[in-house]
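Pasted below: query-v8.txt, compact mmCIF, C-alpha atoms.
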```txt
# COMPACT_ATOMS: atom_id res chain seq x y z
CA MET A 1 -3.41 12.22 -2.36
CA LEU A 2 -3.85 14.81 -5.09
CA ARG A 3 -7.04 13.21 -6.44
CA ALA A 4 -9.28 15.70 -8.21
CA HIS A 5 -6.46 18.11 -9.01
CA SER A 6 -4.34 15.35 -10.54
CA GLY A 7 -6.95 14.25 -13.06
CA ALA A 8 -5.77 16.49 -15.88
CA LEU A 9 -2.11 15.67 -15.22
CA VAL A 10 -2.73 11.92 -15.21
CA ALA A 11 -4.75 12.20 -18.40
CA ALA A 12 -1.94 14.14 -20.05
CA ALA A 13 0.58 11.52 -19.02
CA ALA A 14 -1.59 8.72 -20.40
CA LEU A 15 -1.98 10.45 -23.75
CA ILE A 16 1.61 11.53 -24.26
CA ALA A 17 3.76 8.99 -22.46
CA ALA A 18 2.38 6.07 -24.46
CA GLY A 19 4.93 6.83 -27.13
CA CYS A 20 7.83 7.38 -24.74
CA ALA A 21 10.02 4.92 -22.88
CA THR A 22 12.60 5.00 -20.13
CA LEU A 23 14.94 2.39 -18.73
CA ASP A 24 13.28 0.44 -15.92
CA THR A 25 15.99 -0.16 -13.35
CA ARG A 26 14.00 -2.15 -10.80
CA THR A 27 13.69 -5.94 -10.69
CA PRO A 28 10.00 -6.81 -10.28
CA VAL A 29 8.73 -10.05 -8.79
CA PRO A 30 8.52 -12.39 -11.83
CA ASP A 31 5.02 -13.87 -11.42
CA ALA A 32 1.83 -13.87 -9.35
CA ALA A 33 2.67 -17.04 -7.44
CA MET A 34 5.95 -15.58 -6.22
CA ALA A 35 4.23 -12.25 -5.42
CA GLY A 36 2.02 -14.12 -2.97
CA ARG A 37 5.11 -15.32 -1.06
CA ALA A 38 7.09 -12.07 -1.19
CA GLN A 39 7.87 -10.36 2.11
CA PRO A 40 9.82 -7.21 2.98
CA PHE A 41 12.88 -8.10 5.07
CA ASN A 42 11.53 -11.69 5.39
CA LEU A 43 9.10 -10.41 8.03
CA SER A 44 5.87 -12.33 8.50
CA GLY A 45 2.56 -10.94 9.69
CA ILE A 46 2.97 -7.47 8.26
CA ARG A 47 0.57 -7.57 5.31
CA ALA A 48 -2.11 -9.43 3.36
CA TRP A 49 -3.91 -9.13 0.06
CA GLY A 50 -6.84 -6.80 0.66
CA ASP A 51 -9.10 -8.75 -1.70
CA GLU A 52 -8.39 -12.16 -0.20
CA ALA A 53 -10.96 -14.28 1.64
CA PRO A 54 -8.98 -17.01 3.47
CA ALA A 55 -10.71 -20.33 4.17
CA ASP A 56 -9.24 -20.50 7.69
CA ILE A 57 -9.66 -17.06 9.24
CA ALA A 58 -8.04 -18.07 12.55
CA ALA A 59 -4.87 -19.32 10.87
CA ALA A 60 -4.81 -16.28 8.60
CA MET A 61 -5.09 -13.84 11.47
CA ARG A 62 -2.46 -15.68 13.52
CA SER A 63 -0.02 -15.32 10.64
CA ARG A 64 -0.98 -11.76 9.64
CA ALA A 65 -1.88 -10.17 12.97
CA PRO A 66 -0.12 -12.22 15.64
CA HIS A 67 -1.46 -10.14 18.54
CA MET A 68 -5.10 -10.39 17.48
CA PRO A 69 -5.97 -13.24 19.94
CA ARG A 70 -5.13 -10.87 22.81
CA LEU A 71 -8.37 -9.05 22.09
CA ALA A 72 -10.35 -11.89 23.64
CA GLN A 73 -8.22 -11.74 26.80
CA SER A 74 -8.53 -7.96 27.14
CA ALA A 75 -12.34 -7.87 26.87
CA ALA A 76 -13.59 -7.32 30.42
CA ARG A 77 -17.21 -6.46 29.61
CA THR A 78 -20.03 -8.97 29.19
CA GLN A 79 -20.31 -7.91 25.57
CA PRO A 80 -17.11 -6.36 24.18
CA VAL A 81 -17.56 -3.12 22.27
CA VAL A 82 -15.30 -2.79 19.22
CA ASP A 83 -14.92 0.72 17.78
CA ILE A 84 -13.60 0.84 14.21
CA LEU A 85 -12.47 4.02 12.46
CA ALA A 86 -11.99 4.04 8.67
CA LEU A 87 -10.38 7.07 7.00
CA SER A 88 -10.81 7.41 3.25
CA GLY A 89 -8.77 9.03 0.54
CA GLY A 90 -9.57 12.53 -0.63
CA GLY A 91 -6.44 14.57 -1.30
CA THR A 92 -6.67 18.10 0.04
CA ASP A 93 -10.00 17.13 1.66
CA GLY A 94 -8.02 15.07 4.17
CA ALA A 95 -8.28 18.21 6.31
CA PHE A 96 -11.91 17.24 6.92
CA GLY A 97 -11.03 14.07 8.82
CA ALA A 98 -8.32 15.84 10.82
CA GLY A 99 -10.71 18.57 11.92
CA LEU A 100 -13.48 16.10 12.72
CA LEU A 101 -11.21 14.02 14.96
CA THR A 102 -9.99 17.15 16.75
CA GLY A 103 -13.52 18.42 17.33
CA TRP A 104 -14.60 14.98 18.48
CA SER A 105 -11.85 15.04 21.09
CA GLN A 106 -12.99 18.47 22.28
CA ARG A 107 -16.57 17.24 22.52
CA GLY A 108 -15.31 14.59 24.95
CA ASP A 109 -16.91 11.41 23.60
CA ARG A 110 -14.31 10.22 21.10
CA PRO A 111 -13.65 6.51 21.74
CA GLU A 112 -10.35 4.68 21.73
CA PHE A 113 -10.57 2.75 18.46
CA GLU A 114 -9.64 -0.90 18.46
CA VAL A 115 -9.10 -0.80 14.70
CA VAL A 116 -8.03 2.21 12.60
CA THR A 117 -7.68 1.97 8.82
CA GLY A 118 -6.45 4.55 6.33
CA VAL A 119 -6.13 4.97 2.58
CA SER A 120 -4.29 7.76 0.72
CA ALA A 121 -5.00 11.03 2.57
CA GLY A 122 -6.52 8.87 5.32
CA ALA A 123 -3.25 6.93 5.57
CA ILE A 124 -1.45 10.12 6.60
CA THR A 125 -4.04 10.82 9.30
CA ALA A 126 -4.45 7.23 10.54
CA PRO A 127 -1.34 6.87 12.79
CA PHE A 128 -2.25 10.07 14.65
CA ALA A 129 -5.89 9.01 14.98
CA PHE A 130 -4.72 5.62 16.27
CA LEU A 131 -2.67 7.19 19.07
CA GLY A 132 -5.50 9.42 20.18
CA ARG A 133 -6.27 12.99 21.09
CA ARG A 134 -2.79 13.89 22.30
CA TYR A 135 -1.78 13.95 18.63
CA ASP A 136 -4.59 16.29 17.53
CA GLU A 137 -2.37 19.35 17.37
CA LYS A 138 0.03 17.60 15.03
CA LEU A 139 -2.90 16.66 12.82
CA ARG A 140 -3.89 20.32 12.70
CA GLU A 141 -0.36 21.30 11.67
CA ILE A 142 -0.14 18.71 8.92
CA TRP A 143 -3.48 19.62 7.38
CA THR A 144 -3.48 23.42 7.72
CA ARG A 145 0.11 24.66 7.50
CA TYR A 146 1.47 23.28 4.25
CA GLY A 147 0.78 24.33 0.68
CA THR A 148 1.55 22.68 -2.64
CA ASN A 149 5.10 24.03 -2.91
CA GLU A 150 5.94 22.54 0.49
CA LEU A 151 4.65 19.06 -0.40
CA ILE A 152 5.45 18.38 -4.05
CA VAL A 153 7.74 19.66 -6.78
CA ALA A 154 6.32 19.82 -10.30
CA LYS A 155 8.25 17.88 -12.94
CA ILE A 156 5.74 18.02 -15.76
CA VAL A 157 8.13 17.99 -18.72
CA PRO A 158 10.23 15.02 -17.48
CA GLY A 159 7.01 13.23 -16.61
CA LEU A 160 5.55 13.73 -20.07
CA LEU A 161 8.80 12.55 -21.64
CA GLY A 162 8.72 9.17 -19.93
CA GLY A 163 9.46 9.80 -16.25
CA PRO A 164 7.55 7.99 -13.48
CA ALA A 165 5.36 10.96 -12.53
CA LEU A 166 4.51 14.59 -13.18
CA ALA A 167 5.65 15.69 -9.71
CA ASP A 168 8.31 14.76 -7.16
CA SER A 169 6.99 13.72 -3.75
CA GLY A 170 10.30 14.37 -1.97
CA PRO A 171 8.91 17.17 0.24
CA LEU A 172 5.92 15.00 1.21
CA ARG A 173 8.31 12.18 2.08
CA GLN A 174 10.26 14.60 4.30
CA LEU A 175 7.04 15.77 5.96
CA ILE A 176 6.07 12.19 6.79
CA ALA A 177 9.54 11.60 8.24
CA ARG A 178 9.31 14.79 10.32
CA TYR A 179 6.10 13.73 12.06
CA ILE A 180 6.46 9.95 12.14
CA ASP A 181 9.56 9.29 14.24
CA ARG A 182 10.92 6.48 16.40
CA GLN A 183 8.95 7.65 19.42
CA MET A 184 5.70 7.39 17.50
CA LEU A 185 6.73 3.98 16.20
CA ALA A 186 7.35 2.78 19.76
CA GLU A 187 3.93 4.05 20.89
CA ILE A 188 2.19 2.30 17.99
CA ALA A 189 4.03 -0.93 18.83
CA SER A 190 2.92 -0.64 22.46
CA GLU A 191 -0.74 -0.20 21.49
CA TYR A 192 -0.49 -3.09 19.02
CA ARG A 193 0.70 -5.39 21.79
CA LYS A 194 -2.54 -4.57 23.62
CA GLY A 195 -4.47 -5.97 20.65
CA ARG A 196 -5.24 -2.77 18.73
CA LEU A 197 -4.76 -2.69 14.94
CA LEU A 198 -3.54 0.08 12.63
CA LEU A 199 -4.05 -0.90 8.99
CA ILE A 200 -2.99 0.99 5.85
CA GLY A 201 -4.03 0.19 2.29
CA THR A 202 -1.79 0.41 -0.77
CA THR A 203 -2.08 -0.97 -4.30
CA ASN A 204 0.50 -3.39 -5.69
CA LEU A 205 0.45 -2.14 -9.26
CA ASP A 206 2.27 -5.17 -10.68
CA ALA A 207 -0.33 -7.50 -9.17
CA GLN A 208 -3.33 -5.15 -9.64
CA ARG A 209 -4.34 -5.97 -6.06
CA SER A 210 -4.91 -4.08 -2.85
CA VAL A 211 -2.54 -4.74 0.04
CA VAL A 212 -3.43 -4.23 3.72
CA TRP A 213 -0.41 -3.47 5.88
CA ASN A 214 -0.39 -4.34 9.58
CA MET A 215 1.48 -1.26 10.73
CA GLY A 216 1.59 -2.37 14.36
CA GLU A 217 3.48 -5.51 13.42
CA ILE A 218 5.98 -3.43 11.45
CA ALA A 219 6.40 -1.11 14.44
CA ALA A 220 6.81 -4.01 16.87
CA SER A 221 9.17 -6.03 14.66
CA GLY A 222 12.36 -4.47 15.99
CA HIS A 223 13.81 -4.58 12.48
CA PRO A 224 16.42 -1.84 11.89
CA GLN A 225 14.54 -0.69 8.78
CA ALA A 226 11.07 -0.83 10.33
CA LEU A 227 10.72 2.96 10.54
CA ASP A 228 11.71 3.41 6.91
CA LEU A 229 9.23 0.74 5.79
CA PHE A 230 6.47 2.28 7.92
CA ARG A 231 7.02 5.66 6.29
CA ARG A 232 7.25 4.19 2.79
CA VAL A 233 3.91 2.41 3.17
CA ILE A 234 2.20 5.68 4.11
CA LEU A 235 3.86 7.52 1.23
CA ALA A 236 2.85 4.75 -1.18
CA SER A 237 -0.75 4.87 -0.02
CA ALA A 238 -0.81 8.61 -0.78
CA SER A 239 0.94 8.42 -4.18
CA VAL A 240 -1.58 8.96 -6.97
CA PRO A 241 -0.35 7.06 -10.07
CA GLY A 242 0.96 9.40 -12.73
CA ALA A 243 0.81 12.46 -10.50
CA LEU A 244 3.31 11.23 -7.87
CA PRO A 245 6.03 8.60 -8.29
CA PRO A 246 5.25 5.05 -7.18
CA VAL A 247 7.05 3.76 -4.10
CA ASN A 248 9.24 0.73 -4.68
CA ILE A 249 9.35 -1.67 -1.73
CA SER A 250 12.12 -4.25 -1.49
CA VAL A 251 10.99 -7.83 -0.93
CA THR A 252 12.54 -11.28 -0.79
CA VAL A 253 11.23 -14.44 -2.42
CA ASP A 254 13.04 -17.79 -2.27
CA GLY A 255 16.22 -16.06 -1.15
CA ARG A 256 16.26 -13.54 -3.99
CA SER A 257 15.61 -9.80 -3.80
CA TYR A 258 13.05 -7.91 -5.89
CA GLU A 259 11.17 -4.61 -5.85
CA GLU A 260 7.40 -4.22 -5.82
CA MET A 261 5.72 -1.09 -7.18
CA HIS A 262 3.13 0.36 -4.78
CA VAL A 263 0.78 3.30 -5.41
CA ASP A 264 -2.27 5.00 -3.94
CA GLY A 265 -4.45 2.55 -2.01
CA GLY A 266 -7.50 4.27 -3.48
CA THR A 267 -6.62 2.79 -6.86
CA THR A 268 -8.25 -0.42 -5.62
CA ARG A 269 -10.22 0.59 -2.50
CA GLU A 270 -11.06 4.06 -1.21
CA VAL A 271 -11.95 2.88 2.30
CA PHE A 272 -11.98 -0.45 4.19
CA VAL A 273 -12.76 -1.78 7.66
CA THR A 274 -11.34 -5.33 8.03
CA PRO A 275 -7.79 -6.73 7.79
CA VAL A 276 -8.89 -9.51 5.42
CA ASP A 277 -11.92 -9.70 3.14
CA VAL A 278 -14.40 -11.62 5.31
CA PRO A 279 -17.63 -10.76 7.19
CA PHE A 280 -17.37 -9.31 10.69
CA GLU A 281 -18.68 -12.50 12.27
CA ALA A 282 -15.51 -14.30 11.21
CA PHE A 283 -13.63 -12.27 13.85
CA ASP A 284 -16.00 -13.14 16.71
CA ARG A 285 -13.83 -16.09 17.76
CA PHE A 286 -11.20 -13.64 19.00
CA TYR A 287 -13.50 -12.47 21.81
CA GLU A 288 -14.99 -14.05 24.91
CA SER A 289 -18.42 -13.31 23.42
CA ALA A 290 -19.63 -11.82 20.15
CA PRO A 291 -18.83 -8.10 20.32
CA LYS A 292 -20.93 -5.08 19.54
CA ARG A 293 -19.27 -3.22 16.68
CA ARG A 294 -19.50 0.50 16.05
CA LEU A 295 -18.21 1.67 12.68
CA TYR A 296 -17.16 5.25 12.02
CA ILE A 297 -16.43 5.99 8.35
CA ILE A 298 -14.90 9.36 7.51
CA LYS A 299 -15.21 10.21 3.84
CA ASN A 300 -12.72 12.95 3.08
CA GLY A 301 -14.87 14.69 0.50
CA LYS A 302 -18.47 15.35 -0.43
CA TYR A 303 -20.74 12.36 -0.81
CA GLY A 304 -22.86 13.56 -3.68
CA PRO A 305 -21.86 14.65 -7.18
CA GLU A 306 -20.96 18.25 -7.90
CA TYR A 307 -22.08 19.96 -11.08
CA LYS A 308 -19.33 21.54 -13.19
CA PRO A 309 -19.56 22.24 -16.94
CA VAL A 310 -16.76 20.46 -18.80
CA ARG A 311 -14.82 22.02 -21.65
CA GLU A 312 -15.07 20.09 -24.90
CA ARG A 313 -11.37 19.19 -24.92
CA ALA A 314 -9.59 15.87 -24.45
CA LEU A 315 -7.78 16.61 -21.18
CA PRO A 316 -10.70 18.23 -19.31
CA ILE A 317 -12.97 15.39 -20.45
CA ALA A 318 -10.48 12.74 -19.31
CA ALA A 319 -9.86 14.54 -16.01
CA ARG A 320 -13.56 14.84 -15.27
CA ALA A 321 -14.06 11.17 -16.12
CA ILE A 322 -11.32 10.18 -13.63
CA GLU A 323 -12.92 12.34 -10.92
CA THR A 324 -16.30 10.72 -11.63
CA LEU A 325 -14.80 7.23 -11.48
CA ILE A 326 -13.22 7.96 -8.10
CA THR A 327 -16.48 9.38 -6.73
CA SER A 328 -18.45 6.34 -7.91
CA GLN A 329 -15.90 3.87 -6.49
CA HIS A 330 -15.93 5.71 -3.18
CA ARG A 331 -19.69 5.48 -2.85
CA ASN A 332 -19.65 1.79 -3.82
CA ASP A 333 -17.06 1.07 -1.11
CA ILE A 334 -19.16 2.87 1.48
CA TYR A 335 -22.31 1.01 0.44
CA ARG A 336 -20.47 -2.32 0.75
CA ILE A 337 -19.40 -1.43 4.30
CA TYR A 338 -22.94 -0.35 5.12
CA ARG A 339 -24.29 -3.73 3.99
CA MET A 340 -21.61 -5.51 6.03
CA ALA A 341 -22.69 -3.51 9.08
CA LYS A 342 -26.38 -4.23 8.59
CA ASP A 343 -25.76 -7.94 7.98
CA SER A 344 -23.84 -8.25 11.27
CA GLY A 345 -25.90 -5.89 13.39
CA ALA A 346 -23.08 -3.33 13.68
CA ASP A 347 -23.70 0.39 14.17
CA PHE A 348 -22.91 2.34 11.01
CA ASN A 349 -21.84 5.98 11.22
CA LEU A 350 -20.74 8.05 8.22
CA ALA A 351 -19.33 11.59 8.08
CA PHE A 352 -18.53 13.57 4.93
CA VAL A 353 -17.99 17.13 3.76
CA PRO A 354 -21.39 18.89 3.67
CA GLN A 355 -22.70 19.72 0.20
CA SER A 356 -23.27 23.24 1.55
CA PHE A 357 -19.53 23.80 2.06
CA GLU A 358 -18.77 26.15 -0.80
CA ALA A 359 -15.04 26.90 -0.50
CA LYS A 360 -12.87 25.66 -3.39
CA PRO A 361 -9.14 24.92 -3.42
CA ASN A 362 -7.02 27.01 -5.77
CA GLU A 363 -4.21 24.48 -6.00
CA ALA A 364 -3.47 20.83 -5.27
CA PHE A 365 -2.78 21.60 -1.59
CA ASP A 366 -4.34 24.89 -0.63
CA ALA A 367 -3.57 25.71 3.02
CA ARG A 368 -6.28 28.37 3.14
CA TYR A 369 -8.91 25.95 1.83
CA GLN A 370 -7.73 23.18 4.14
CA THR A 371 -7.90 25.49 7.16
CA ALA A 372 -11.48 26.44 6.27
CA LEU A 373 -12.43 22.78 5.84
CA PHE A 374 -10.67 21.80 9.08
CA ASN A 375 -12.62 24.46 10.96
CA GLU A 376 -15.90 23.38 9.34
CA SER A 377 -15.47 19.75 10.40
CA LEU A 378 -14.27 20.87 13.84
CA ARG A 379 -17.56 22.75 14.24
CA LEU A 380 -19.59 19.78 13.00
CA ALA A 381 -17.91 17.38 15.41
CA ARG A 382 -18.38 19.69 18.39
CA SER A 383 -22.08 20.01 17.58
CA GLY A 384 -22.57 16.24 17.41
CA ARG A 385 -24.17 16.55 13.96
CA ALA A 386 -21.31 15.15 11.90
CA TRP A 387 -22.66 11.60 11.54
CA VAL A 388 -25.45 9.93 9.60
CA GLY A 389 -26.57 6.34 10.08
CA ILE A 390 -27.26 5.51 6.45
CA PRO A 391 -25.60 6.56 3.16
CA PRO A 392 -27.54 9.50 1.75
CA ASP A 393 -28.21 7.91 -1.63
CA ILE A 394 -30.14 5.03 -0.06
CA ALA A 395 -31.94 7.03 2.62
CA PRO A 396 -35.73 6.54 2.58
CA LYS A 397 -37.73 9.21 0.78
CA PRO A 398 -39.92 11.49 2.91
CA GLY A 399 -43.18 9.81 3.76
CA LYS A 400 -42.00 6.34 2.67
CA GLY A 401 -41.01 5.08 6.12
CA GLY A 402 -37.70 3.76 7.43
CA ARG A 403 -35.54 0.94 6.30
```
Mind turning the file's structure into structure tokens?
Amino acid sequence: MLRAHSGALVAAAALIAAGCATLDTRTPVPDAAMAGRAQPFNLSGIRAWGDEAPADIAAAMRSRAPHMPRLAQSAARTQPVVDILALSGGGTDGAFGAGLLTGWSQRGDRPEFEVVTGVSAGAITAPFAFLGRRYDEKLREIWTRYGTNELIVAKIVPGLLGGPALADSGPLRQLIARYIDRQMLAEIASEYRKGRLLLIGTTNLDAQRSVVWNMGEIAASGHPQALDLFRRVILASASVPGALPPVNISVTVDGRSYEEMHVDGGTTREVFVTPVDVPFEAFDRFYESAPKRRLYIIKNGKYGPEYKPVRERALPIAARAIETLITSQHRNDIYRIYRMAKDSGADFNLAFVPQSFEAKPNEAFDARYQTALFNESLRLARSGRAWVGIPPDIAPKPGKGGR
């Protein structure tokens, strides 16, 4: 969730911690084959590899999203309309998505999304976006009230000497617990039973693979630790490696217990739109007729590069390189979704922080900056000018015609 502001810290950790070691107290899953069978609490249907393309999509969805077939039964229109919202990572720029959703509600034409996905900062926003406009005020609170000291505790020296991170995410964990309670879990479970999906992305660092969590299935499971797992998945998705500690998730394989290490979902994918890695048409069988899909992608950050002279020193160079890598990956993910939309005839809508927005954060989580960004996106959404139908870097040049 820290993103740009964590670049220098992560670079420092990489350079210094290579010569340090600490005792690893967790018991990781021994190999890749077992990792594929591991499940938290022996629950089925709560997650899938995000990079997996199953041969039998129907069987895969029955096992990983048991309520998905209900979508076909609930479609009353001649052609079902499926609205999909994808919320990206972006650290402190997560305030952009929160403000845009709030302004969209005030404009009066915000749809009820059948699928909501979130990664990193977007993972924190996603449950509130899933439950709709009645949670807008809580989104405002989360993204405008809290500063760095209320979300993380710096532990730079222990981190550089071999600890798991350069900051403690304990306050962020408490914030997630404050806003995501049993009542919210029950509401998410109720919406899931209607056929709606809330999906969160993390990265299994041991496996080097993205994981898509079916949060509705966790909420509806009735397991006594479901709320704790729900919160841990969101925290994991927002935990930038090196800057914040990874989140260990207990799993069982062949009757034995292990711990997986999960970190920021943006490590593998900054934004995603489907529960498994297949074209949209593969999901058509879950409807009475092929649906019309409308995609809404919220990029929590600016789309284009930003010029900033770099000091000729190792840490600033490494930090800037990490920022550039994240920006490039983000744009690649968006382009991939755009091509998926065009190939299937889906509507593609993209919103991002305007290049003209000049405010800069003074710390990792700057409440003043986030409030300004929230208000900017609120204004954009109210005006109806927040969305573009094609990524800016592939837009046709003036006078060259459309695509």
Legend entry - Å distance separating atom CA of A:Ser250 from atom CA of A:Ala32, one decimal place: 16.1 Å
Within 8 Å of stretch 83-105 of chain A, which residues of stretch 273-353 of chain A show up? Give each one with its shortest atom-to-atom distance in Å (one decimal) and the two atoms involved, counting all atoms listed in the file, rows by chain then rising residue number, as JSON lines.
```
{"residue": "A:Val273", "atom": "CA", "partner": "A:Ala86", "partner_atom": "CA", "distance": 6.0}
{"residue": "A:Arg293", "atom": "CA", "partner": "A:Asp83", "partner_atom": "CA", "distance": 6.0}
{"residue": "A:Arg294", "atom": "CA", "partner": "A:Asp83", "partner_atom": "CA", "distance": 4.9}
{"residue": "A:Leu295", "atom": "CA", "partner": "A:Ile84", "partner_atom": "CA", "distance": 4.9}
{"residue": "A:Tyr296", "atom": "CA", "partner": "A:Leu85", "partner_atom": "CA", "distance": 4.9}
{"residue": "A:Ile297", "atom": "CA", "partner": "A:Ala86", "partner_atom": "CA", "distance": 4.9}
{"residue": "A:Ile298", "atom": "CA", "partner": "A:Leu87", "partner_atom": "CA", "distance": 5.1}
{"residue": "A:Lys299", "atom": "CA", "partner": "A:Ser88", "partner_atom": "CA", "distance": 5.2}
{"residue": "A:Asn300", "atom": "CA", "partner": "A:Gly90", "partner_atom": "CA", "distance": 4.9}
{"residue": "A:Gly301", "atom": "CA", "partner": "A:Asp93", "partner_atom": "CA", "distance": 5.6}
{"residue": "A:Phe352", "atom": "CA", "partner": "A:Phe96", "partner_atom": "CA", "distance": 7.8}
{"residue": "A:Val353", "atom": "CA", "partner": "A:Phe96", "partner_atom": "CA", "distance": 6.9}
```
Print the selection's residues with C-alpha atoms to a file, as a short mmCIF file (atom, residue, chain, number, x, y, z; two decimals), in the frame of the given file.
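Result file again-v2.cif:
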```
data_model
loop_
_atom_site.label_atom_id
_atom_site.label_comp_id
_atom_site.auth_asym_id
_atom_site.auth_seq_id
_atom_site.Cartn_x
_atom_site.Cartn_y
_atom_site.Cartn_z
CA VAL A 273 -12.76 -1.78 7.66
CA ARG A 293 -19.27 -3.22 16.68
CA ARG A 294 -19.50 0.50 16.05
CA LEU A 295 -18.21 1.67 12.68
CA TYR A 296 -17.16 5.25 12.02
CA ILE A 297 -16.43 5.99 8.35
CA ILE A 298 -14.90 9.36 7.51
CA LYS A 299 -15.21 10.21 3.84
CA ASN A 300 -12.72 12.95 3.08
CA GLY A 301 -14.87 14.69 0.50
CA PHE A 352 -18.53 13.57 4.93
CA VAL A 353 -17.99 17.13 3.76
#
```
Legend entry - Which residue of A:Ile124, A:Gln208, A:Leu197, A:Asp136 approaches A:Ile176 most closely, using all atoms listed in the file: A:Ile124
Inset, instruction - Choose the residue, out of A:His262, A:Arg140, A:Arg209, A:Arg182, that has the smallest atom-to-atom separation from A:Val240; count all atoms listed in the file. - result: A:His262
Inset, instruction - Rank nothing, just name the residue among A:Ala282, A:Ala38, A:Glu141, A:Arg231 nearest to A:Pro54, using all atoms listed in the file. - result: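 Looking only at the distances to A:Pro54, the closest residue turns out to be A:Ala282.
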Legend entry - A:Val271 surroundings by all atoms listed in the file, 10 Å radius, close-in-sequence under 3 positions cut, as number ranges by chain: A: 86-89, 117-120, 122, 200-201, 265-266, 268, 297-299, 329-334, 337
Once you have the residues from the selection above, write them out as a compact mmCIF listing (two decimals), keeping the file's coordinate frame, restricted to C-alpha atoms.
```txt
# COMPACT_ATOMS: atom_id res chain seq x y z
CA ALA A 86 -11.99 4.04 8.67
CA LEU A 87 -10.38 7.07 7.00
CA SER A 88 -10.81 7.41 3.25
CA GLY A 89 -8.77 9.03 0.54
CA THR A 117 -7.68 1.97 8.82
CA GLY A 118 -6.45 4.55 6.33
CA VAL A 119 -6.13 4.97 2.58
CA SER A 120 -4.29 7.76 0.72
CA GLY A 122 -6.52 8.87 5.32
CA ILE A 200 -2.99 0.99 5.85
CA GLY A 201 -4.03 0.19 2.29
CA GLY A 265 -4.45 2.55 -2.01
CA GLY A 266 -7.50 4.27 -3.48
CA THR A 268 -8.25 -0.42 -5.62
CA ILE A 297 -16.43 5.99 8.35
CA ILE A 298 -14.90 9.36 7.51
CA LYS A 299 -15.21 10.21 3.84
CA GLN A 329 -15.90 3.87 -6.49
CA HIS A 330 -15.93 5.71 -3.18
CA ARG A 331 -19.69 5.48 -2.85
CA ASN A 332 -19.65 1.79 -3.82
CA ASP A 333 -17.06 1.07 -1.11
CA ILE A 334 -19.16 2.87 1.48
CA ILE A 337 -19.40 -1.43 4.30
```
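Shortest atom-to-atom contact with A:Pro291 among A:Pro80, A:Pro279, A:Pro40, A:Pro245: A:Pro80, counting only C-alpha atoms.
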Inset, instruction - Between atom CA of A:Thr78 and atom CA of A:Asp284, measure the distance and give it in Å to one decimal. - result: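 These atoms are spaced 13.8 Å apart.
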Using the file's own x, y and z axes, what box holds all listed atoms of stretch 243-249 of chain A with 8 Å on each side, keeping edges along x, y and z, and what are its centre and edge lengths in Å to one decimal, as JSON?
```
{"center_x": 5.1, "center_y": 5.4, "center_z": -6.1, "size_x": 24.5, "size_y": 30.1, "size_z": 24.8}
```
Legend entry - Exercise: A:His223 partners within 10 Å, all atoms listed in the file, chain neighbours under 6 positions left out, as a list in words: Phe41, Leu43 and Leu229 of chain A
